[in-house]
file target.csv (CSV, C-alpha atoms)
chain,number,residue,atom,x,y,z
A,172,MET,CA,-31.0,7.4,-1.4
A,173,ASN,CA,-30.0,10.6,-3.2
A,174,THR,CA,-30.0,9.8,-7.0
A,175,ASN,CA,-28.2,13.0,-7.8
A,176,ARG,CA,-25.2,12.0,-5.7
A,177,GLU,CA,-22.1,10.8,-7.6
A,178,PRO,CA,-21.5,7.1,-7.3
A,179,ILE,CA,-19.1,6.2,-4.5
A,180,GLY,CA,-17.2,3.8,-6.8
A,181,LYS,CA,-16.6,6.5,-9.3
A,182,LEU,CA,-15.2,8.9,-6.7
A,183,ILE,CA,-13.0,6.2,-5.2
A,184,SER,CA,-11.7,5.3,-8.7
A,185,GLN,CA,-10.9,8.9,-9.5
A,186,LEU,CA,-9.1,9.3,-6.1
A,187,TYR,CA,-7.2,6.0,-6.7
A,188,ARG,CA,-6.0,7.2,-10.2
A,189,GLN,CA,-4.8,10.6,-8.9
A,190,ASN,CA,-3.2,8.9,-5.9
A,191,GLN,CA,-1.3,6.5,-8.3
A,192,LYS,CA,-0.1,9.3,-10.5
A,193,PHE,CA,1.3,11.2,-7.5
A,194,LEU,CA,3.0,8.1,-6.1
A,195,VAL,CA,4.5,7.0,-9.4
A,196,LYS,CA,6.1,10.4,-9.9
A,197,GLU,CA,7.4,10.5,-6.3
A,198,LEU,CA,8.6,6.9,-6.1
A,199,LEU,CA,10.2,6.6,-9.5
A,200,PRO,CA,13.6,8.1,-8.4
A,201,TYR,CA,13.8,5.3,-5.8
A,202,GLY,CA,13.1,2.5,-8.3
A,203,ILE,CA,9.7,1.7,-6.8
A,204,GLY,CA,7.0,1.2,-9.4
A,205,SER,CA,3.3,1.0,-9.4
A,206,GLY,CA,1.1,-1.9,-8.5
A,207,GLY,CA,1.2,-1.3,-4.8
A,208,GLN,CA,4.9,-2.0,-4.3
A,209,HIS,CA,5.2,0.7,-1.7
A,210,ILE,CA,2.4,-0.9,0.3
A,211,PHE,CA,4.2,-4.2,0.3
A,212,LEU,CA,7.5,-2.6,1.2
A,213,LYS,CA,6.0,-0.7,4.1
A,214,LEU,CA,4.4,-3.9,5.4
A,215,ILE,CA,7.7,-5.9,5.2
A,216,VAL,CA,9.6,-3.1,6.9
A,217,ASN,CA,7.0,-3.0,9.7
A,218,ARG,CA,6.6,-6.8,10.0
A,219,PRO,CA,9.9,-8.5,9.0
A,220,GLY,CA,9.5,-12.2,8.4
A,221,ILE,CA,6.0,-11.9,6.9
A,222,THR,CA,5.1,-14.4,4.1
A,223,GLN,CA,3.6,-13.6,0.7
A,224,ASP,CA,0.5,-15.4,1.6
A,225,GLN,CA,0.1,-13.3,4.8
A,226,MET,CA,0.5,-10.1,2.8
A,227,THR,CA,-1.9,-11.3,0.1
A,228,ASN,CA,-4.6,-12.0,2.7
A,229,GLU,CA,-4.0,-8.8,4.7
A,230,MET,CA,-3.7,-6.4,1.8
A,231,LYS,CA,-6.6,-8.0,-0.2
A,232,PHE,CA,-4.4,-8.2,-3.4
A,233,ASP,CA,-4.4,-11.3,-5.6
A,234,LYS,CA,-1.5,-13.7,-5.4
A,235,ALA,CA,-0.1,-12.7,-8.8
A,236,THR,CA,0.1,-9.0,-7.8
A,237,THR,CA,1.8,-9.9,-4.6
A,238,ALA,CA,4.3,-12.1,-6.3
A,239,ARG,CA,5.1,-9.5,-9.0
A,240,SER,CA,5.6,-6.7,-6.4
A,241,VAL,CA,7.8,-8.9,-4.2
A,242,LYS,CA,9.9,-9.9,-7.1
A,243,LYS,CA,10.4,-6.3,-8.2
A,244,LEU,CA,11.2,-5.2,-4.6
A,245,GLU,CA,13.7,-8.0,-4.4
A,246,GLU,CA,15.3,-7.1,-7.7
A,247,ALA,CA,15.5,-3.4,-6.6
A,248,GLY,CA,17.4,-4.5,-3.5
A,249,TYR,CA,14.7,-3.5,-1.0
A,250,ILE,CA,13.8,-7.0,0.4
A,251,GLU,CA,15.3,-10.4,0.7
A,252,ARG,CA,13.7,-13.9,1.0
A,253,ARG,CA,14.8,-16.4,3.6
A,254,THR,CA,13.5,-19.9,3.7
A,255,ASP,CA,11.0,-20.5,6.5
A,256,PRO,CA,12.6,-22.9,8.9
A,257,LYS,CA,9.1,-24.3,9.8
A,258,ASP,CA,8.1,-24.8,6.1
A,259,ARG,CA,10.9,-25.2,3.6
A,260,ARG,CA,8.5,-24.5,0.7
A,261,SER,CA,7.7,-21.0,2.1
A,262,SER,CA,9.8,-17.9,2.2
A,263,LEU,CA,9.9,-15.2,4.8
A,264,LEU,CA,10.4,-11.6,3.6
A,265,TYR,CA,12.8,-9.2,5.3
A,266,PRO,CA,13.8,-5.6,4.5
A,267,THR,CA,17.3,-4.9,3.4
A,268,PRO,CA,19.4,-2.1,4.9
A,269,ARG,CA,18.3,-0.1,1.8
A,270,ALA,CA,14.7,-0.5,2.7
A,271,VAL,CA,15.2,0.4,6.3
A,272,LYS,CA,17.1,3.6,5.2
A,273,PHE,CA,14.3,4.4,2.7
A,274,ALA,CA,11.4,3.8,5.1
A,275,PRO,CA,11.4,7.3,6.6
A,276,VAL,CA,11.4,8.8,3.1
A,277,LEU,CA,8.5,6.6,2.1
A,278,GLN,CA,6.6,7.6,5.2
A,279,SER,CA,7.3,11.3,4.4
A,280,ILE,CA,6.0,10.8,0.8
A,281,LEU,CA,2.8,9.1,2.1
A,282,ALA,CA,2.3,11.8,4.7
A,283,ASP,CA,2.7,14.5,2.1
A,284,LEU,CA,0.1,12.8,-0.1
A,285,ASP,CA,-2.4,12.6,2.8
A,286,SER,CA,-1.7,16.2,3.6
A,287,LYS,CA,-2.5,17.2,0.0
A,288,LEU,CA,-5.6,15.1,-0.1
A,289,THR,CA,-7.0,16.5,3.2
A,290,PHE,CA,-5.8,20.1,2.6
A,291,GLU,CA,-9.2,21.7,3.0
A,292,LEU,CA,-10.4,19.4,5.7
A,293,THR,CA,-10.3,20.0,9.4
A,294,GLU,CA,-8.5,17.4,11.6
A,295,GLU,CA,-12.0,16.2,12.7
A,296,GLU,CA,-13.2,15.9,9.1
A,297,ALA,CA,-10.1,14.0,8.1
A,298,ASP,CA,-10.6,11.6,11.0
A,299,GLN,CA,-14.2,11.2,10.0
A,300,LEU,CA,-13.3,10.6,6.4
A,301,VAL,CA,-10.9,7.8,7.4
A,302,ALA,CA,-13.5,6.2,9.7
A,303,LEU,CA,-16.1,6.3,6.9
A,304,LEU,CA,-13.7,4.9,4.3
A,305,GLN,CA,-12.8,2.1,6.7
A,306,LYS,CA,-16.5,1.2,7.0
A,307,VAL,CA,-16.9,1.3,3.2
A,308,SER,CA,-13.8,-0.9,2.8
A,309,LYS,CA,-15.2,-3.4,5.3
A,310,ASN,CA,-18.5,-3.5,3.4
A,311,SER,CA,-16.6,-4.0,0.1
A,312,ALA,CA,-15.3,-7.3,1.5
A,313,ASN,CA,-18.8,-8.7,1.3
A,314,LEU,CA,-19.3,-7.9,-2.4
call {"tool": "encode", "arguments": {"input": "target.csv", "output": "structure tokens"}}
result
Amino acid sequence: MNTNREPIGKLISQLYRQNQKFLVKELLPYGIGSGGQHIFLKLIVNRPGITQDQMTNEMKFDKATTARSVKKLEEAGYIERRTDPKDRRSSLLYPTPRAVKFAPVLQSILADLDSKLTFELTEEEADQLVALLQKVSKNSANL
């Protein structure tokens, strides 16, 4: 192992903070805050009827973060809860027309961010970076 190499965790942390600063600035005009709200919104738009528990498990957030994000998205008019007919204690989450209309804007913001992050990379390097980060992410699940 190269002891002069910067720690991976440090680089990921720096990347995350810069990522968040960009997203907060870009999403603020739409009433979407930090804490991963955009990730939850994108998931709900792509998988209408998903539950909070399913999102928590899939996105690797804790239940409290998921609950806060869902509540804020609901208050902002982006999602609605419907009682699960199979389990009255559970709610299914659906995008509102506002969310469906906003989805292409969100996708454009996220694509712009990716473009800025990979500006000096070739397409092959960007694909390799994603593949490597997916491996690292998978490894992190075992920590």
call {"tool": "closest_residue", "arguments": {"input": "target.csv", "among": "A:Leu292, A:Ala312, A:Leu212, A:Ala235", "to": "Leu264 of chain A", "atoms": "all atoms listed in the file"}}
result
A:Leu212
call {"tool": "closest_residue", "arguments": {"input": "target.csv", "among": "A:Ile203, A:Val307, A:Val271, A:Ala297", "to": "Val241 of chain A", "atoms": "all atoms listed in the file"}}
result
A:Ile203
call {"tool": "atom_distance", "arguments": {"input": "target.csv", "atom1": "atom CA of Arg218 of chain A", "atom2": "atom CA of Arg260 of chain A"}}
result
20.1 Å
call {"tool": "atom_distance", "arguments": {"input": "target.csv", "atom1": "atom CA of Lys213 of chain A", "atom2": "atom CA of Asp285 of chain A"}}
result
15.8 Å
call {"tool": "atom_distance", "arguments": {"input": "target.csv", "atom1": "atom CA of Ala247 of chain A", "atom2": "atom CA of Gly204 of chain A"}}
result
10.1 Å
call {"tool": "closest_residue", "arguments": {"input": "target.csv", "among": "A:Thr254, A:Asn313, A:Gln208, A:Ser261", "to": "Thr237 of chain A", "atoms": "all atoms listed in the file"}}
result
A:Gln208
call {"tool": "closest_residue", "arguments": {"input": "target.csv", "among": "A:Asp298, A:Val216, A:Ser311, A:Asn228", "to": "Ile250 of chain A", "atoms": "all atoms listed in the file"}}
result
A:Val216
call {"tool": "build_atoms", "arguments": {"input": "target.csv", "residues": "segment 203-214 of chain A", "atoms": "all heavy atoms", "output": "PDB file, keeping the file's coordinate frame"}}
result
ATOM      1  N   ILE A 203      10.950   2.355  -7.287  1.00  0.00           N
ATOM      2  CA  ILE A 203       9.700   1.700  -6.800  1.00  0.00           C
ATOM      3  C   ILE A 203       8.625   2.027  -7.807  1.00  0.00           C
ATOM      4  O   ILE A 203       8.326   3.197  -8.017  1.00  0.00           O
ATOM      5  CB  ILE A 203       9.365   2.065  -5.398  1.00  0.00           C
ATOM      6  CG1 ILE A 203      10.481   1.605  -4.459  1.00  0.00           C
ATOM      7  CG2 ILE A 203       8.031   1.461  -5.000  1.00  0.00           C
ATOM      8  CD1 ILE A 203      10.271   1.971  -3.031  1.00  0.00           C
ATOM      9  N   GLY A 204       8.030   0.993  -8.389  1.00  0.00           N
ATOM     10  CA  GLY A 204       7.000   1.200  -9.400  1.00  0.00           C
ATOM     11  C   GLY A 204       5.616   1.170  -8.865  1.00  0.00           C
ATOM     12  O   GLY A 204       5.383   1.199  -7.652  1.00  0.00           O
ATOM     13  N   SER A 205       4.687   1.074  -9.778  1.00  0.00           N
ATOM     14  CA  SER A 205       3.300   1.000  -9.400  1.00  0.00           C
ATOM     15  C   SER A 205       2.874  -0.376  -9.001  1.00  0.00           C
ATOM     16  O   SER A 205       3.713  -1.248  -8.867  1.00  0.00           O
ATOM     17  CB  SER A 205       2.423   1.535 -10.574  1.00  0.00           C
ATOM     18  OG  SER A 205       2.639   0.712 -11.698  1.00  0.00           O
ATOM     19  N   GLY A 206       1.595  -0.583  -8.849  1.00  0.00           N
ATOM     20  CA  GLY A 206       1.100  -1.900  -8.500  1.00  0.00           C
ATOM     21  C   GLY A 206       1.138  -2.154  -6.986  1.00  0.00           C
ATOM     22  O   GLY A 206       1.073  -3.289  -6.544  1.00  0.00           O
ATOM     23  N   GLY A 207       1.270  -1.098  -6.232  1.00  0.00           N
ATOM     24  CA  GLY A 207       1.200  -1.300  -4.800  1.00  0.00           C
ATOM     25  C   GLY A 207       2.544  -1.680  -4.157  1.00  0.00           C
ATOM     26  O   GLY A 207       2.569  -2.095  -3.001  1.00  0.00           O
ATOM     27  N   GLN A 208       3.660  -1.587  -4.898  1.00  0.00           N
ATOM     28  CA  GLN A 208       4.900  -2.000  -4.300  1.00  0.00           C
ATOM     29  C   GLN A 208       5.239  -1.303  -3.015  1.00  0.00           C
ATOM     30  O   GLN A 208       5.750  -1.918  -2.077  1.00  0.00           O
ATOM     31  CB  GLN A 208       6.075  -1.741  -5.329  1.00  0.00           C
ATOM     32  CG  GLN A 208       6.080  -2.666  -6.506  1.00  0.00           C
ATOM     33  CD  GLN A 208       7.197  -2.326  -7.479  1.00  0.00           C
ATOM     34  OE1 GLN A 208       8.258  -1.867  -7.079  1.00  0.00           O
ATOM     35  NE2 GLN A 208       6.947  -2.541  -8.755  1.00  0.00           N
ATOM     36  N   HIS A 209       4.909  -0.025  -2.939  1.00  0.00           N
ATOM     37  CA  HIS A 209       5.200   0.700  -1.700  1.00  0.00           C
ATOM     38  C   HIS A 209       4.412   0.165  -0.522  1.00  0.00           C
ATOM     39  O   HIS A 209       4.911   0.157   0.603  1.00  0.00           O
ATOM     40  CB  HIS A 209       4.906   2.214  -1.901  1.00  0.00           C
ATOM     41  CG  HIS A 209       3.463   2.541  -2.047  1.00  0.00           C
ATOM     42  ND1 HIS A 209       2.747   2.308  -3.203  1.00  0.00           N
ATOM     43  CD2 HIS A 209       2.583   3.060  -1.161  1.00  0.00           C
ATOM     44  CE1 HIS A 209       1.500   2.679  -3.023  1.00  0.00           C
ATOM     45  NE2 HIS A 209       1.363   3.151  -1.794  1.00  0.00           N
ATOM     46  N   ILE A 210       3.201  -0.321  -0.775  1.00  0.00           N
ATOM     47  CA  ILE A 210       2.400  -0.900   0.300  1.00  0.00           C
ATOM     48  C   ILE A 210       3.044  -2.155   0.837  1.00  0.00           C
ATOM     49  O   ILE A 210       3.136  -2.360   2.046  1.00  0.00           O
ATOM     50  CB  ILE A 210       0.959  -1.186  -0.205  1.00  0.00           C
ATOM     51  CG1 ILE A 210       0.261   0.102  -0.647  1.00  0.00           C
ATOM     52  CG2 ILE A 210       0.139  -1.912   0.857  1.00  0.00           C
ATOM     53  CD1 ILE A 210      -1.033  -0.126  -1.390  1.00  0.00           C
ATOM     54  N   PHE A 211       3.506  -2.993  -0.077  1.00  0.00           N
ATOM     55  CA  PHE A 211       4.200  -4.200   0.300  1.00  0.00           C
ATOM     56  C   PHE A 211       5.476  -3.922   1.068  1.00  0.00           C
ATOM     57  O   PHE A 211       5.781  -4.539   2.080  1.00  0.00           O
ATOM     58  CB  PHE A 211       4.437  -5.132  -0.879  1.00  0.00           C
ATOM     59  CG  PHE A 211       3.186  -5.695  -1.477  1.00  0.00           C
ATOM     60  CD1 PHE A 211       2.732  -5.258  -2.710  1.00  0.00           C
ATOM     61  CD2 PHE A 211       2.433  -6.657  -0.815  1.00  0.00           C
ATOM     62  CE1 PHE A 211       1.574  -5.775  -3.274  1.00  0.00           C
ATOM     63  CE2 PHE A 211       1.278  -7.181  -1.360  1.00  0.00           C
ATOM     64  CZ  PHE A 211       0.842  -6.738  -2.600  1.00  0.00           C
ATOM     65  N   LEU A 212       6.235  -2.960   0.560  1.00  0.00           N
ATOM     66  CA  LEU A 212       7.500  -2.600   1.200  1.00  0.00           C
ATOM     67  C   LEU A 212       7.252  -2.106   2.623  1.00  0.00           C
ATOM     68  O   LEU A 212       7.947  -2.513   3.560  1.00  0.00           O
ATOM     69  CB  LEU A 212       8.233  -1.540   0.376  1.00  0.00           C
ATOM     70  CG  LEU A 212       9.570  -1.082   0.949  1.00  0.00           C
ATOM     71  CD1 LEU A 212      10.532  -2.257   1.113  1.00  0.00           C
ATOM     72  CD2 LEU A 212      10.180  -0.007   0.051  1.00  0.00           C
ATOM     73  N   LYS A 213       6.280  -1.248   2.782  1.00  0.00           N
ATOM     74  CA  LYS A 213       6.000  -0.700   4.100  1.00  0.00           C
ATOM     75  C   LYS A 213       5.586  -1.848   5.071  1.00  0.00           C
ATOM     76  O   LYS A 213       6.018  -1.872   6.224  1.00  0.00           O
ATOM     77  CB  LYS A 213       4.839   0.314   4.004  1.00  0.00           C
ATOM     78  CG  LYS A 213       4.549   1.023   5.295  1.00  0.00           C
ATOM     79  CD  LYS A 213       3.533   2.125   5.099  1.00  0.00           C
ATOM     80  CE  LYS A 213       3.208   2.764   6.442  1.00  0.00           C
ATOM     81  NZ  LYS A 213       2.212   3.799   6.354  1.00  0.00           N
ATOM     82  N   LEU A 214       4.800  -2.793   4.573  1.00  0.00           N
ATOM     83  CA  LEU A 214       4.400  -3.900   5.400  1.00  0.00           C
ATOM     84  C   LEU A 214       5.582  -4.787   5.804  1.00  0.00           C
ATOM     85  O   LEU A 214       5.704  -5.199   6.959  1.00  0.00           O
ATOM     86  CB  LEU A 214       3.330  -4.749   4.665  1.00  0.00           C
ATOM     87  CG  LEU A 214       2.660  -5.875   5.443  1.00  0.00           C
ATOM     88  CD1 LEU A 214       2.004  -5.368   6.724  1.00  0.00           C
ATOM     89  CD2 LEU A 214       1.622  -6.559   4.562  1.00  0.00           C
TER      90      LEU A 214
END
